[in-house]
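Only one structure is covered here, and it is reproduced in the block below.
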Amino acid sequence: MAINATPPPAIAALVPDSEGHGKVLRIVYAHHLDGESLAFQLFHRFVHRLQAGTPLPEEITYSEVMALLGEQGADCAEGWHSSANEATEEASNEAWQWVRDQVNRLFPGLSWKVEPDRRLNMPGIDADQVADIVIRARPLASDVTRPATMFDPALTYYADGTHLIMRARGTERLGHAFGIAEGTPYAFQAVRWEDGGADLIAPHVLHRVETRAEGDTV
């Protein structure tokens, strides 16, 4: 059973806006995190900083973890979601090991994985990653374009077998589509790489490889 299947109701109170513009609804809510799901939250906060060249701190404090979780809750309450390109395998491995160490250090009595069937996917971390993605992804017989939202442009997902190129952070990688996996805040394209392995990729960075007739110039 999911650990947040029956969350307690939120508590609401009408309070003055901190800048004196009127009244706002202050919401206090509770949900449950086991060790793995907490590490997953921290992973997404830190892995892209690491990949951008900012070293991970030696340690993160309890108050910093609470501040990050509070910030995430506030962002979701206002409808803001951030998205980023898939991190490299090297950055993912380093960041995942670091967040695991931080969670185990700060919360030594916390159960690591309460939901045994839950699957969290991060590039390059799980030896069973390809099989995991195959389970999550559903086949896509033809291209699908989902309309733009307040937060994302129109997103195109490619039919199974489509030759794709990922362009992200100055790098390129070739692969083939093999399905779509629902996620938040948007679905992800399942891609099997030509150089081995597979990932769930944000659709913003994927493009169809156009076939050129012989003699055409690039």
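Just remember, in the structure tokens the first chain shown is A, the second B, etc., residues are 1-based per chain, and ligands are 1-based in the order shown.
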(message) Give me, as a PyMOL selection string, all polymer residues having an atom no more than 9 Å from region 61-70 of chain A, counting only C-alpha atoms and skipping those fewer than 6 positions away in the same chain.
(response) chain A and resi 41-42+45+102+106-107
(request) Write out as number ranges by chain which residues come within 10 Å of Gly183 (chain A) when counting only C-alpha atoms, dropping same-chain ones fewer than 4 positions away. (result) A: 187-188, 200, 202
(message) Give me the residues near Pro8 (chain A) as a PyMOL selection string, where near means some atom within 12 Å (using only C-alpha atoms) and where sequence neighbours in that chain fewer than 4 positions away do not count.
(response) chain A and resi 3-4+28-32
(message) So that I can check the surroundings of Gly109 (chain A), please list as a list of chain:residue names every protein, DNA and RNA residue that reaches within 10 Å of it, counting only C-alpha atoms and ignoring chain neighbours fewer than 4 positions away.
(response) A:Gly35, A:Asn104, A:Arg105
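Interatomic distance, CA of Glu71 (chain A) to CA of Thr88 (chain A): 25.3 Å.
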(request) Could you find all residues in region 32-191 of chain A that DSSP calls strand (DSSP E) from the backbone, and write them as a list in words? (result) Val144, Thr145, Arg146, Leu155, Thr156, Tyr157, His163, Leu164, Ile165, Met166, Arg167, Ala168, Thr171, Glu172, Arg173, Leu174, Gly175, His176, Ala177, Phe178, Gly179, Ile180, Ala181, Phe188, Gln189, Ala190 and Val191 of chain A
(message) Please report the interatomic distance between CA of Val144 (chain A) and CA of Asp160 (chain A) in Å with one decimal.
(response) 11.2 Å
(message) Calculated over only C-alpha atoms, which of the candidates A:Val209, A:Ile135, A:Ile165, A:Ile27 has the smallest distance to Val15 (chain A)?
(response)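 Checking each candidate against Val15 (chain A), we get A:Ile27 as the closest.
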(request) Going by DSSP on the backbone, which bits of chain A are helix (DSSP H, G or I)? Write them as a count of residues only, please. (result) 62
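Interatomic distance, CA of His48 (chain A) to CA of Ala198 (chain A): 19.3 Å.
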(message) Given only C-alpha atoms as the basis, pick out the residue of A:Asp75, A:Asp101, A:Glu90, A:Glu58 nearest to Ala39 (chain A).
(response)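 Closest to Ala39 (chain A) of all the choices is A:Asp101.
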(request) Go through A:Thr6, A:Thr54, A:Thr171, A:Thr162 and flag the residue nearest Ala190 (chain A), using only C-alpha atoms for the distances. (result)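 Using only C-alpha atoms, Ala190 (chain A) sits closest to A:Thr162.
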(request) Find the residue from A:Ala159, A:Val114, A:Leu164, A:Val134 that sits nearest to Arg208 (chain A); use only C-alpha atoms when measuring. (result) A:Leu164
(message) Taking 5 positions as the minimum chain separation for residues in the same chain, which residues sit within 8 Å of Ala95 (chain A) when counting only C-alpha atoms? Answer as a list in words.
(response)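 Answer for this query is Phe43, Phe46, Val47, Leu50 and Leu56 of chain A.
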Output of the above residues as a PDB file, in the first residue's frame, restricted to C-alpha atoms:
```
ATOM      1  CA  PHE A  43      18.610  14.071  -5.379  1.00  0.00           C
ATOM      2  CA  PHE A  46      21.365  18.657  -5.938  1.00  0.00           C
ATOM      3  CA  VAL A  47      22.241  16.542  -8.974  1.00  0.00           C
ATOM      4  CA  LEU A  50      26.672  19.115  -9.301  1.00  0.00           C
ATOM      5  CA  LEU A  56      28.259  18.989  -3.188  1.00  0.00           C
TER       6      LEU A  56
END
```
